[in-house]
file protein12.tsv (TSV, C-alpha atoms (C1' of nucleotides))
chain	number	residue	atom	x	y	z
A	228	MET	CA	0.00	0.00	0.00
A	229	ASN	CA	2.12	2.79	-1.27
A	230	VAL	CA	0.04	5.70	-2.46
A	231	THR	CA	2.05	7.69	-4.96
A	232	SER	CA	1.51	11.15	-6.32
A	233	LYS	CA	-0.62	9.69	-9.09
A	234	GLY	CA	-3.16	8.43	-6.61
A	235	ARG	CA	-3.01	11.55	-4.47
A	236	TYR	CA	-3.47	13.81	-7.48
A	237	ALA	CA	-6.37	11.68	-8.68
A	238	LEU	CA	-8.11	12.26	-5.37
A	239	ARG	CA	-7.45	15.98	-5.64
A	240	VAL	CA	-8.95	16.11	-9.12
A	241	MET	CA	-12.05	14.27	-7.97
A	242	LEU	CA	-12.32	16.51	-4.91
A	243	ASP	CA	-11.89	19.64	-7.01
A	244	LEU	CA	-14.72	18.57	-9.29
A	245	ALA	CA	-16.90	17.68	-6.31
A	246	GLN	CA	-16.21	21.03	-4.70
A	247	HIS	CA	-17.33	23.01	-7.74
A	248	PRO	CA	-20.56	21.38	-8.88
A	249	GLU	CA	-21.96	24.72	-10.07
A	250	GLU	CA	-19.24	24.98	-12.70
A	251	GLY	CA	-20.41	21.90	-14.53
A	252	THR	CA	-17.79	20.74	-16.99
A	253	ILE	CA	-14.37	21.99	-15.92
A	254	SER	CA	-11.24	22.16	-18.05
A	255	LEU	CA	-8.01	20.54	-16.98
A	256	LYS	CA	-6.35	23.93	-17.17
A	257	THR	CA	-8.63	25.24	-14.45
A	258	ILE	CA	-8.05	22.22	-12.24
A	259	ALA	CA	-4.31	22.33	-12.81
A	260	GLU	CA	-4.18	25.97	-11.78
A	261	ARG	CA	-6.38	25.54	-8.75
A	262	GLN	CA	-4.49	22.47	-7.58
A	263	GLU	CA	-1.07	23.76	-8.63
A	264	ILE	CA	-0.24	20.60	-10.54
A	265	SER	CA	1.30	20.51	-14.01
A	266	MET	CA	-1.44	20.18	-16.59
A	267	LYS	CA	0.60	17.71	-18.60
A	268	TYR	CA	0.92	15.37	-15.67
A	269	LEU	CA	-2.77	15.67	-14.89
A	270	GLU	CA	-3.55	14.55	-18.42
A	271	MET	CA	-2.17	11.13	-17.62
A	272	ILE	CA	-4.15	10.94	-14.43
A	273	VAL	CA	-7.53	11.93	-15.81
A	274	ALA	CA	-6.99	9.47	-18.65
A	275	GLY	CA	-6.87	6.72	-16.02
A	276	LEU	CA	-9.92	8.07	-14.24
A	277	LYS	CA	-11.83	8.23	-17.47
A	278	LYS	CA	-10.86	4.73	-18.47
A	279	ALA	CA	-12.21	3.50	-15.15
A	280	GLU	CA	-15.41	5.42	-15.89
A	281	LEU	CA	-15.04	7.60	-12.84
A	282	LEU	CA	-15.54	10.76	-14.83
A	283	GLU	CA	-16.83	11.98	-18.17
A	284	SER	CA	-15.34	14.43	-20.61
A	285	THR	CA	-16.27	16.72	-23.45
A	286	ARG	CA	-13.68	17.56	-26.09
A	287	GLY	CA	-13.15	20.81	-27.89
A	288	LYS	CA	-13.63	24.39	-26.83
A	289	GLU	CA	-15.62	24.82	-23.62
A	290	GLY	CA	-14.93	21.15	-22.97
A	291	GLY	CA	-13.55	19.55	-19.86
A	292	TYR	CA	-14.31	16.96	-17.21
A	293	ARG	CA	-17.16	16.29	-14.83
A	294	LEU	CA	-18.20	13.66	-12.32
A	295	CYS	CA	-20.70	11.11	-13.50
A	296	ARG	CA	-22.01	10.15	-10.06
A	297	ALA	CA	-22.81	11.84	-6.77
A	298	PRO	CA	-19.79	12.29	-4.46
A	299	GLU	CA	-21.21	9.78	-1.98
A	300	ASP	CA	-21.19	7.14	-4.71
A	301	TYR	CA	-17.42	7.21	-5.22
A	302	THR	CA	-15.18	5.32	-2.84
A	303	VAL	CA	-11.58	6.31	-2.25
A	304	GLY	CA	-10.66	2.68	-2.84
A	305	GLU	CA	-11.90	2.59	-6.40
A	306	ILE	CA	-10.33	5.95	-7.22
A	307	LEU	CA	-6.92	4.80	-5.97
A	308	ARG	CA	-7.15	1.39	-7.60
A	309	SER	CA	-7.89	3.00	-10.96
A	310	LEU	CA	-4.41	4.56	-10.96
A	311	GLU	CA	-2.21	2.72	-8.51
A	312	ASP	CA	-1.14	-0.75	-9.49
A	313	ASN	CA	0.66	-1.09	-6.22
A	314	LEU	CA	-2.06	-1.03	-3.61
A	315	ALA	CA	-1.17	-4.50	-2.36
A	316	PRO	CA	1.40	-4.44	0.44
A	317	VAL	CA	3.74	-6.96	-1.19
A	318	SER	CA	4.51	-7.68	-4.83
A	319	CYS	CA	3.46	-11.31	-4.67
A	320	LEU	CA	-0.15	-10.19	-4.23
A	321	ARG	CA	-0.14	-7.87	-7.21
A	322	ALA	CA	-1.79	-8.89	-10.45
A	323	ASP	CA	1.44	-8.54	-12.40
A	324	GLY	CA	3.64	-9.62	-9.49
A	325	VAL	CA	6.21	-12.34	-9.83
A	326	ARG	CA	4.60	-15.55	-8.67
A	327	CYS	CA	6.72	-16.76	-5.81
A	328	ASP	CA	7.53	-20.42	-6.26
A	329	LYS	CA	7.29	-20.90	-2.52
A	330	ALA	CA	3.84	-19.38	-2.21
A	331	ALA	CA	2.34	-22.63	-0.94
A	332	ALA	CA	4.89	-22.89	1.83
A	333	CYS	CA	5.07	-19.18	2.55
A	334	ALA	CA	4.50	-18.47	6.20
A	335	THR	CA	3.72	-14.83	5.61
A	336	LEU	CA	1.38	-14.90	2.62
A	337	PRO	CA	-1.87	-15.32	4.61
A	338	MET	CA	-0.89	-12.30	6.68
A	339	TRP	CA	-0.30	-10.12	3.62
A	340	LYS	CA	-3.62	-11.23	2.21
A	341	GLU	CA	-5.48	-10.31	5.36
A	342	LEU	CA	-3.70	-6.96	5.54
A	343	ASP	CA	-4.63	-6.25	1.96
A	344	GLU	CA	-8.26	-7.07	2.71
A	345	ILE	CA	-8.29	-4.80	5.74
A	346	THR	CA	-6.85	-1.80	3.93
A	347	ASN	CA	-9.11	-2.20	0.93
A	348	ALA	CA	-12.13	-2.55	3.18
A	349	TYR	CA	-11.20	0.69	4.90
A	350	LEU	CA	-10.66	2.62	1.68
A	351	ASP	CA	-13.88	1.27	0.22
A	352	ALA	CA	-15.76	2.58	3.22
A	353	VAL	CA	-14.61	6.16	2.65
A	354	THR	CA	-16.50	8.13	0.00
A	355	LEU	CA	-15.64	11.32	-1.80
A	356	GLN	CA	-18.45	12.95	0.17
A	357	ASP	CA	-16.77	11.89	3.43
A	358	LEU	CA	-13.62	13.68	2.35
A	359	LEU	CA	-15.59	16.76	1.36
A	360	THR	CA	-17.25	17.18	4.73
A	361	GLY	CA	-14.49	15.76	6.91
A	362	GLU	CA	-17.10	14.91	9.53
A	363	LYS	CA	-16.00	11.32	9.71
A	364	TRP	CA	-12.79	12.44	11.41
A	365	ARG	CA	-14.00	15.45	13.33
A	366	GLU	CA	-16.69	13.62	15.24
A	367	GLU	CA	-14.73	10.49	15.80
A	368	LYS	CA	-13.21	9.47	19.12
A	369	VAL	CA	-15.71	11.28	21.30
B	183	MET	CA	2.54	0.64	3.15
B	184	ASN	CA	4.86	-0.80	0.60
B	185	VAL	CA	6.75	-3.75	2.00
B	186	THR	CA	9.95	-4.17	0.02
B	187	SER	CA	12.35	-7.08	-0.13
B	188	LYS	CA	14.24	-5.63	2.82
B	189	GLY	CA	11.24	-6.05	5.08
B	190	ARG	CA	10.33	-9.43	3.65
B	191	TYR	CA	13.87	-10.71	4.03
B	192	ALA	CA	13.99	-9.40	7.59
B	193	LEU	CA	10.93	-11.47	8.39
B	194	ARG	CA	12.54	-14.50	6.79
B	195	VAL	CA	15.69	-14.08	8.85
B	196	MET	CA	13.69	-13.81	12.04
B	197	LEU	CA	11.58	-16.80	11.05
B	198	ASP	CA	14.66	-18.84	10.20
B	199	LEU	CA	16.15	-18.13	13.59
B	200	ALA	CA	12.86	-18.93	15.30
B	201	GLN	CA	12.57	-22.19	13.38
B	202	HIS	CA	16.00	-23.43	14.49
B	203	PRO	CA	16.21	-22.68	18.20
B	204	GLU	CA	18.33	-25.77	18.82
B	205	GLU	CA	21.16	-24.35	16.74
B	206	GLY	CA	21.70	-21.40	19.06
B	207	THR	CA	23.86	-18.78	17.40
B	208	ILE	CA	23.61	-19.09	13.62
B	209	SER	CA	25.96	-17.55	11.07
B	210	LEU	CA	24.69	-15.36	8.27
B	211	LYS	CA	26.19	-17.76	5.80
B	212	THR	CA	23.91	-20.52	7.04
B	213	ILE	CA	20.84	-18.32	6.91
B	214	ALA	CA	21.75	-17.00	3.47
B	215	GLU	CA	22.07	-20.53	2.13
B	216	ARG	CA	18.88	-21.78	3.72
B	217	GLN	CA	16.90	-18.77	2.56
B	218	GLU	CA	18.67	-18.45	-0.79
B	219	ILE	CA	19.43	-14.78	-0.30
B	220	SER	CA	22.77	-13.12	-1.03
B	221	MET	CA	24.80	-12.94	2.14
B	222	LYS	CA	25.98	-9.44	1.37
B	223	TYR	CA	22.45	-8.13	1.14
B	224	LEU	CA	21.51	-9.89	4.34
B	225	GLU	CA	24.33	-8.09	6.12
B	226	MET	CA	22.51	-4.81	5.62
B	227	ILE	CA	19.30	-6.28	6.87
B	228	VAL	CA	20.61	-7.88	10.04
B	229	ALA	CA	22.47	-4.65	10.77
B	230	GLY	CA	19.10	-2.93	10.92
B	231	LEU	CA	17.60	-5.67	13.05
B	232	LYS	CA	20.50	-5.49	15.44
B	233	LYS	CA	20.31	-1.72	15.69
B	234	ALA	CA	16.66	-2.07	16.64
B	235	GLU	CA	17.71	-4.63	19.26
B	236	LEU	CA	15.65	-7.36	17.69
B	237	LEU	CA	18.56	-9.77	17.67
B	238	GLU	CA	21.98	-10.27	19.19
B	239	SER	CA	25.26	-11.21	17.57
B	240	THR	CA	28.63	-12.72	18.38
B	241	ARG	CA	31.62	-11.83	16.25
B	242	GLY	CA	34.46	-14.04	15.20
B	243	LYS	CA	34.73	-17.72	14.55
B	244	GLU	CA	31.69	-19.71	15.66
B	245	GLY	CA	29.86	-16.41	15.80
B	246	GLY	CA	26.51	-15.45	14.32
B	247	TYR	CA	23.09	-14.17	15.24
B	248	ARG	CA	20.34	-15.22	17.62
B	249	LEU	CA	16.98	-14.00	18.82
B	250	CYS	CA	16.97	-12.20	22.14
B	251	ARG	CA	13.30	-12.80	22.95
B	252	ALA	CA	10.73	-15.55	22.58
B	253	PRO	CA	9.00	-15.63	19.16
B	254	GLU	CA	5.69	-14.57	20.71
B	255	ASP	CA	7.33	-11.40	21.97
B	256	TYR	CA	8.18	-10.05	18.52
B	257	THR	CA	5.52	-8.33	16.48
B	258	VAL	CA	5.66	-8.20	12.72
B	259	GLY	CA	5.06	-4.45	12.97
B	260	GLU	CA	8.25	-3.75	14.87
B	261	ILE	CA	10.31	-5.99	12.61
B	262	LEU	CA	9.08	-4.20	9.49
B	263	ARG	CA	9.40	-0.74	10.99
B	264	SER	CA	13.02	-1.44	11.90
B	265	LEU	CA	13.89	-1.71	8.20
B	266	GLU	CA	11.21	-0.06	6.18
B	267	ASP	CA	11.05	3.70	6.34
B	268	ASN	CA	8.04	3.62	4.11
B	269	LEU	CA	5.36	1.93	6.13
B	270	ALA	CA	3.11	4.98	6.06
B	271	PRO	CA	0.76	4.99	3.06
B	272	VAL	CA	1.69	8.51	1.93
B	273	SER	CA	4.94	10.42	2.14
B	274	CYS	CA	3.49	13.30	4.13
B	275	LEU	CA	3.09	10.95	7.09
B	276	ARG	CA	6.66	9.72	7.00
B	277	ALA	CA	9.21	10.99	9.48
B	278	ASP	CA	11.47	12.32	6.76
B	279	GLY	CA	8.59	13.21	4.43
B	280	VAL	CA	8.26	16.62	2.91
B	281	ARG	CA	5.96	18.64	5.10
B	282	CYS	CA	3.07	19.64	2.90
B	283	ASP	CA	2.33	23.33	3.31
B	284	LYS	CA	-1.34	22.60	2.91
B	285	ALA	CA	-1.47	19.97	5.65
B	286	ALA	CA	-3.87	22.03	7.76
B	287	ALA	CA	-6.34	22.33	4.90
B	288	CYS	CA	-5.74	18.85	3.50
B	289	ALA	CA	-9.01	16.99	3.12
B	290	THR	CA	-7.30	13.62	2.89
B	291	LEU	CA	-4.74	13.74	5.70
B	292	PRO	CA	-7.08	12.46	8.45
B	293	MET	CA	-7.92	9.49	6.25
B	294	TRP	CA	-4.27	8.61	5.68
B	295	LYS	CA	-3.63	8.89	9.39
B	296	GLU	CA	-6.46	6.54	10.23
B	297	LEU	CA	-5.35	4.08	7.57
B	298	ASP	CA	-1.84	4.16	8.94
B	299	GLU	CA	-3.16	3.46	12.44
B	300	ILE	CA	-5.25	0.56	11.22
B	301	THR	CA	-2.41	-1.13	9.35
B	302	ASN	CA	0.06	-0.66	12.19
B	303	ALA	CA	-2.47	-2.01	14.68
B	304	TYR	CA	-2.90	-5.11	12.54
B	305	LEU	CA	0.82	-5.72	12.10
B	306	ASP	CA	1.43	-5.15	15.79
B	307	ALA	CA	-1.12	-7.83	16.58
B	308	VAL	CA	0.74	-10.49	14.61
B	309	THR	CA	3.70	-12.10	16.34
B	310	LEU	CA	6.56	-14.16	15.00
B	311	GLN	CA	5.00	-17.12	16.78
B	312	ASP	CA	1.75	-16.57	14.87
B	313	LEU	CA	3.68	-16.81	11.63
B	314	LEU	CA	5.47	-19.94	12.81
B	315	THR	CA	2.30	-21.85	13.58
B	316	GLY	CA	0.03	-20.31	10.95
B	317	GLU	CA	-2.97	-21.15	13.15
B	318	LYS	CA	-4.26	-17.61	13.08
B	319	TRP	CA	-5.16	-18.04	9.44
B	320	ARG	CA	-6.06	-21.72	9.33
B	321	GLU	CA	-8.72	-21.51	12.01
B	322	GLU	CA	-10.12	-18.20	10.95
B	323	LYS	CA	-13.41	-17.69	9.16
B	324	VAL	CA	-15.10	-20.81	10.55
C	170	DG	C1'	51.04	-16.46	17.76
C	171	DC	C1'	48.50	-17.56	13.60
C	172	DA	C1'	45.11	-19.08	10.44
C	173	DA	C1'	40.30	-19.52	9.72
C	174	DT	C1'	35.82	-17.81	10.28
C	175	DA	C1'	32.76	-14.36	11.44
C	176	DT	C1'	30.61	-9.74	12.13
C	177	DA	C1'	30.85	-4.52	11.14
C	178	DC	C1'	31.30	-0.70	8.29
C	179	DC	C1'	31.49	2.29	4.23
C	180	DA	C1'	31.19	3.45	-0.40
C	181	DC	C1'	29.68	2.45	-4.94
C	182	DA	C1'	26.61	0.59	-8.87
C	183	DA	C1'	22.84	-1.51	-11.40
C	184	DA	C1'	17.94	-1.94	-12.02
C	185	DA	C1'	13.29	-0.63	-11.42
C	186	DA	C1'	9.69	2.48	-10.31
C	187	DT	C1'	8.04	7.06	-10.08
C	188	DA	C1'	7.39	11.60	-11.74
C	189	DG	C1'	7.22	14.66	-15.19
C	190	DT	C1'	7.87	16.70	-20.21
C	191	DA	C1'	7.25	17.43	-25.26
C	192	DG	C1'	4.87	17.64	-29.42
C	193	DG	C1'	1.20	17.26	-31.98
C	194	DA	C1'	-3.44	15.22	-33.75
C	195	DA	C1'	-8.42	15.34	-33.25
C	196	DT	C1'	-12.59	17.67	-31.74
C	197	DT	C1'	-15.83	21.35	-30.84
C	198	DA	C1'	-18.00	26.02	-29.72
C	199	DA	C1'	-18.24	30.63	-31.02
D	6	DT	C1'	-11.80	29.61	-39.27
D	7	DT	C1'	-9.81	30.15	-34.98
D	8	DA	C1'	-9.10	29.28	-30.29
D	9	DA	C1'	-9.63	26.14	-26.68
D	10	DT	C1'	-9.67	21.85	-25.35
D	11	DT	C1'	-9.22	16.59	-24.93
D	12	DC	C1'	-6.53	12.65	-26.55
D	13	DC	C1'	-2.43	10.04	-27.82
D	14	DT	C1'	2.43	8.55	-28.05
D	15	DA	C1'	6.93	8.81	-26.99
D	16	DC	C1'	10.71	10.40	-24.36
D	17	DT	C1'	13.51	11.98	-20.12
D	18	DA	C1'	14.79	12.90	-15.40
D	19	DT	C1'	14.74	11.67	-10.63
D	20	DT	C1'	14.30	8.72	-6.81
D	21	DT	C1'	14.04	4.35	-4.64
D	22	DT	C1'	15.19	-0.26	-4.40
D	23	DT	C1'	18.28	-3.86	-4.69
D	24	DG	C1'	22.11	-5.14	-4.61
D	25	DT	C1'	27.98	-5.63	-4.79
D	26	DG	C1'	32.91	-4.90	-3.27
D	27	DG	C1'	36.50	-4.10	-0.27
D	28	DT	C1'	38.37	-3.81	4.12
D	29	DA	C1'	38.66	-3.50	9.11
D	30	DT	C1'	37.80	-5.80	13.44
D	31	DA	C1'	36.77	-9.61	16.59
D	32	DT	C1'	36.96	-14.52	18.21
D	33	DT	C1'	38.10	-19.36	18.36
D	34	DG	C1'	40.89	-23.41	17.85
D	35	DC	C1'	45.28	-25.15	16.76
call {"tool": "encode", "arguments": {"input": "protein12.tsv", "output": "structure tokens"}}
result
Amino acid sequence: MNVTSKGRYALRVMLDLAQHPEEGTISLKTIAERQEISMKYLEMIVAGLKKAELLESTRGKEGGYRLCRAPEDYTVGEILRSLEDNLAPVSCLRADGVRCDKAAACATLPMWKELDEITNAYLDAVTLQDLLTGEKWREEKV
Amino acid sequence: MNVTSKGRYALRVMLDLAQHPEEGTISLKTIAERQEISMKYLEMIVAGLKKAELLESTRGKEGGYRLCRAPEDYTVGEILRSLEDNLAPVSCLRADGVRCDKAAACATLPMWKELDEITNAYLDAVTLQDLLTGEKWREEKV
DNA sequence: GCAATATACCACAAAAATAGTAGGAATTAA
DNA sequence: TTAATTCCTACTATTTTTGTGGTATATTGC
């Protein structure tokens, strides 16, 4: 579970769109300026988000990107997974990972699996809306 | 939470020592051969484990390494933390991480913190002995 | 004392992953 | 038709990970 800048930027793009619903379709240029991220780099990131059908786009002048669901219908987990291929804690759990020839005898594999399940369950329980309001963390631990 | 080969090898060294208590002090050469890991690379790893006081060593002929506690008194969390400086999911949580100037306004920071707490709590609840027996995962989900 | 076997320490190097850039083609509204 | 914009492909730089090499120091058995 290493969240890189790609994943963090993806969240910021989604949050930016969620924070400005009145603007409708928003150009990458606007988002890049507001978030102070290079527009060229963002291009890569929104491409991933679009491929995962997390947002929609319109090309040409006056074009841009917009959410295609309500903020409470996006989970942080799916946003991160759409860009990070490294969410699993160890490489042997990753889709492309080298299959360890000792997997059957590996004393640690079940632990990594459980850890992976726990982290994914947590991230799938946090929605974009939760991040927007922040209540989840303000009210906690009363 | 990206566990690299350093952390995985550290676990294997600790497990190897725990699996051969009758041998007492064991040389790196022996461990390297049993685990099929380059001895030179292992040197770095045991140096970290020793620094964290997770094992003891004797120099010179007939020397080597040995555990200084019972297997149930080691947690996987402390073993990994002694070698991985990357256990936190995002760099802004890491000790050496660049302090983000927007931390106060960051909508995602509380989430990363909670995720970090959850993963550390899990890893601190797994002991070397748990890995040795594997029971924790065999009997689960009945 | 000396040879053999170890750990301890420091610097360097190769490989892989991450982060970011460059240039231009295709599309659309005004 | 022009300006703004997404879309696509390739390239480059930086950082992290994964090692290697060489040497100094310590200990044991002969």
call {"tool": "calpha_fit_and_write", "arguments": {"input": "protein12.tsv", "fixed": "chain A", "moving": "chain B", "output": "mmCIF file with C-alpha atoms, keeping the file's coordinate frame"}}
result
data_model
loop_
_atom_site.group_PDB
_atom_site.id
_atom_site.type_symbol
_atom_site.label_atom_id
_atom_site.label_comp_id
_atom_site.auth_asym_id
_atom_site.auth_seq_id
_atom_site.Cartn_x
_atom_site.Cartn_y
_atom_site.Cartn_z
ATOM 1 C CA MET B 183 0.042 0.068 0.046
ATOM 2 C CA ASN B 184 2.176 2.873 -1.196
ATOM 3 C CA VAL B 185 0.060 5.763 -2.381
ATOM 4 C CA THR B 186 2.083 7.790 -4.858
ATOM 5 C CA SER B 187 1.483 11.258 -6.223
ATOM 6 C CA LYS B 188 -0.619 9.764 -9.002
ATOM 7 C CA GLY B 189 -3.166 8.477 -6.524
ATOM 8 C CA ARG B 190 -3.039 11.604 -4.401
ATOM 9 C CA TYR B 191 -3.483 13.848 -7.414
ATOM 10 C CA ALA B 192 -6.374 11.703 -8.618
ATOM 11 C CA LEU B 193 -8.107 12.291 -5.311
ATOM 12 C CA ARG B 194 -7.463 16.009 -5.613
ATOM 13 C CA VAL B 195 -8.954 16.119 -9.093
ATOM 14 C CA MET B 196 -12.047 14.291 -7.937
ATOM 15 C CA LEU B 197 -12.317 16.534 -4.893
ATOM 16 C CA ASP B 198 -11.906 19.652 -7.009
ATOM 17 C CA LEU B 199 -14.706 18.560 -9.285
ATOM 18 C CA ALA B 200 -16.891 17.672 -6.315
ATOM 19 C CA GLN B 201 -16.205 21.041 -4.709
ATOM 20 C CA HIS B 202 -17.332 23.005 -7.777
ATOM 21 C CA PRO B 203 -20.541 21.350 -8.932
ATOM 22 C CA GLU B 204 -21.950 24.665 -10.136
ATOM 23 C CA GLU B 205 -19.255 24.946 -12.784
ATOM 24 C CA GLY B 206 -20.395 21.826 -14.612
ATOM 25 C CA THR B 207 -17.758 20.684 -17.067
ATOM 26 C CA ILE B 208 -14.340 21.950 -15.990
ATOM 27 C CA SER B 209 -11.210 22.094 -18.129
ATOM 28 C CA LEU B 210 -7.975 20.494 -17.023
ATOM 29 C CA LYS B 211 -6.315 23.857 -17.233
ATOM 30 C CA THR B 212 -8.617 25.203 -14.542
ATOM 31 C CA ILE B 213 -8.055 22.223 -12.286
ATOM 32 C CA ALA B 214 -4.302 22.327 -12.838
ATOM 33 C CA GLU B 215 -4.191 25.980 -11.839
ATOM 34 C CA ARG B 216 -6.405 25.564 -8.807
ATOM 35 C CA GLN B 217 -4.502 22.521 -7.603
ATOM 36 C CA GLU B 218 -1.084 23.788 -8.684
ATOM 37 C CA ILE B 219 -0.247 20.618 -10.564
ATOM 38 C CA SER B 220 1.310 20.473 -14.028
ATOM 39 C CA MET B 221 -1.409 20.103 -16.611
ATOM 40 C CA LYS B 222 0.594 17.585 -18.583
ATOM 41 C CA TYR B 223 0.908 15.275 -15.618
ATOM 42 C CA LEU B 224 -2.770 15.624 -14.862
ATOM 43 C CA GLU B 225 -3.569 14.465 -18.380
ATOM 44 C CA MET B 226 -2.181 11.047 -17.536
ATOM 45 C CA ILE B 227 -4.150 10.918 -14.353
ATOM 46 C CA VAL B 228 -7.532 11.897 -15.743
ATOM 47 C CA ALA B 229 -6.961 9.428 -18.571
ATOM 48 C CA GLY B 230 -6.851 6.696 -15.951
ATOM 49 C CA LEU B 231 -9.906 8.037 -14.172
ATOM 50 C CA LYS B 232 -11.810 8.184 -17.413
ATOM 51 C CA LYS B 233 -10.805 4.669 -18.386
ATOM 52 C CA ALA B 234 -12.162 3.471 -15.059
ATOM 53 C CA GLU B 235 -15.373 5.379 -15.816
ATOM 54 C CA LEU B 236 -15.008 7.571 -12.779
ATOM 55 C CA LEU B 237 -15.514 10.727 -14.793
ATOM 56 C CA GLU B 238 -16.779 11.908 -18.150
ATOM 57 C CA SER B 239 -15.259 14.326 -20.621
ATOM 58 C CA THR B 240 -16.200 16.597 -23.494
ATOM 59 C CA ARG B 241 -13.620 17.421 -26.126
ATOM 60 C CA GLY B 242 -13.100 20.667 -27.928
ATOM 61 C CA LYS B 243 -13.692 24.242 -26.977
ATOM 62 C CA GLU B 244 -15.687 24.676 -23.773
ATOM 63 C CA GLY B 245 -14.893 21.056 -23.053
ATOM 64 C CA GLY B 246 -13.505 19.475 -19.905
ATOM 65 C CA TYR B 247 -14.269 16.903 -17.262
ATOM 66 C CA ARG B 248 -17.114 16.233 -14.857
ATOM 67 C CA LEU B 249 -18.154 13.655 -12.310
ATOM 68 C CA CYS B 250 -20.669 11.095 -13.487
ATOM 69 C CA ARG B 251 -21.980 10.154 -10.040
ATOM 70 C CA ALA B 252 -22.796 11.850 -6.760
ATOM 71 C CA PRO B 253 -19.780 12.304 -4.437
ATOM 72 C CA GLU B 254 -21.197 9.788 -1.958
ATOM 73 C CA ASP B 255 -21.165 7.146 -4.669
ATOM 74 C CA TYR B 256 -17.398 7.205 -5.171
ATOM 75 C CA THR B 257 -15.166 5.337 -2.778
ATOM 76 C CA VAL B 258 -11.582 6.336 -2.198
ATOM 77 C CA GLY B 259 -10.624 2.700 -2.782
ATOM 78 C CA GLU B 260 -11.867 2.618 -6.349
ATOM 79 C CA ILE B 261 -10.297 5.969 -7.171
ATOM 80 C CA LEU B 262 -6.892 4.832 -5.922
ATOM 81 C CA ARG B 263 -7.114 1.413 -7.530
ATOM 82 C CA SER B 264 -7.855 3.014 -10.893
ATOM 83 C CA LEU B 265 -4.392 4.603 -10.891
ATOM 84 C CA GLU B 266 -2.203 2.785 -8.463
ATOM 85 C CA ASP B 267 -1.115 -0.685 -9.443
ATOM 86 C CA ASN B 268 0.662 -1.004 -6.160
ATOM 87 C CA LEU B 269 -2.053 -0.975 -3.562
ATOM 88 C CA ALA B 270 -1.185 -4.455 -2.334
ATOM 89 C CA PRO B 271 1.407 -4.411 0.459
ATOM 90 C CA VAL B 272 3.730 -6.929 -1.213
ATOM 91 C CA SER B 273 4.481 -7.595 -4.853
ATOM 92 C CA CYS B 274 3.436 -11.236 -4.734
ATOM 93 C CA LEU B 275 -0.162 -10.106 -4.263
ATOM 94 C CA ARG B 276 -0.147 -7.763 -7.226
ATOM 95 C CA ALA B 277 -1.805 -8.738 -10.476
ATOM 96 C CA ASP B 278 1.406 -8.389 -12.437
ATOM 97 C CA GLY B 279 3.612 -9.505 -9.538
ATOM 98 C CA VAL B 280 6.143 -12.242 -9.922
ATOM 99 C CA ARG B 281 4.543 -15.458 -8.797
ATOM 100 C CA CYS B 282 6.663 -16.713 -5.947
ATOM 101 C CA ASP B 283 7.438 -20.389 -6.414
ATOM 102 C CA LYS B 284 7.219 -20.869 -2.688
ATOM 103 C CA ALA B 285 3.760 -19.334 -2.344
ATOM 104 C CA ALA B 286 2.238 -22.597 -1.121
ATOM 105 C CA ALA B 287 4.784 -22.894 1.672
ATOM 106 C CA CYS B 288 4.994 -19.172 2.406
ATOM 107 C CA ALA B 289 4.417 -18.510 6.083
ATOM 108 C CA THR B 290 3.673 -14.842 5.513
ATOM 109 C CA LEU B 291 1.322 -14.876 2.524
ATOM 110 C CA PRO B 292 -1.908 -15.306 4.538
ATOM 111 C CA MET B 293 -0.915 -12.305 6.630
ATOM 112 C CA TRP B 294 -0.324 -10.112 3.586
ATOM 113 C CA LYS B 295 -3.649 -11.199 2.166
ATOM 114 C CA GLU B 296 -5.492 -10.294 5.332
ATOM 115 C CA LEU B 297 -3.711 -6.955 5.542
ATOM 116 C CA ASP B 298 -4.633 -6.222 1.962
ATOM 117 C CA GLU B 299 -8.276 -7.037 2.704
ATOM 118 C CA ILE B 300 -8.298 -4.803 5.749
ATOM 119 C CA THR B 301 -6.836 -1.790 3.958
ATOM 120 C CA ASN B 302 -9.107 -2.178 0.945
ATOM 121 C CA ALA B 303 -12.135 -2.535 3.209
ATOM 122 C CA TYR B 304 -11.202 0.705 4.943
ATOM 123 C CA LEU B 305 -10.637 2.642 1.729
ATOM 124 C CA ASP B 306 -13.849 1.291 0.257
ATOM 125 C CA ALA B 307 -15.728 2.602 3.267
ATOM 126 C CA VAL B 308 -14.589 6.178 2.696
ATOM 127 C CA THR B 309 -16.466 8.137 0.053
ATOM 128 C CA LEU B 310 -15.622 11.338 -1.754
ATOM 129 C CA GLN B 311 -18.428 12.955 0.214
ATOM 130 C CA ASP B 312 -16.764 11.898 3.475
ATOM 131 C CA LEU B 313 -13.621 13.690 2.385
ATOM 132 C CA LEU B 314 -15.600 16.770 1.389
ATOM 133 C CA THR B 315 -17.262 17.185 4.759
ATOM 134 C CA GLY B 316 -14.499 15.779 6.957
ATOM 135 C CA GLU B 317 -17.130 14.887 9.570
ATOM 136 C CA LYS B 318 -16.007 11.294 9.757
ATOM 137 C CA TRP B 319 -12.823 12.407 11.450
ATOM 138 C CA ARG B 320 -14.033 15.431 13.388
ATOM 139 C CA GLU B 321 -16.731 13.577 15.281
ATOM 140 C CA GLU B 322 -14.767 10.434 15.835
ATOM 141 C CA LYS B 323 -13.233 9.366 19.121
ATOM 142 C CA VAL B 324 -15.738 11.193 21.336
#
call {"tool": "interface_residues", "arguments": {"input": "protein12.tsv", "of": "chain D", "to": "chain A", "cutoff": "10 Å", "atoms": "only C-alpha atoms (C1' of nucleotides)", "output": "list in words"}}
result
DA8, DA9, DT10, DT11 and DC12 of chain D
call {"tool": "interface_residues", "arguments": {"input": "protein12.tsv", "of": "chain B", "to": "chain A", "cutoff": "8 Å", "atoms": "only C-alpha atoms", "output": "list of chain:residue names"}}
result
B:Met183, B:Asn184, B:Val185, B:Thr186, B:Ala270, B:Pro271, B:Val272, B:Ala289, B:Thr290, B:Pro292, B:Met293, B:Leu297, B:Ile300, B:Thr301, B:Tyr304, B:Leu313, B:Leu314, B:Gly316, B:Trp319
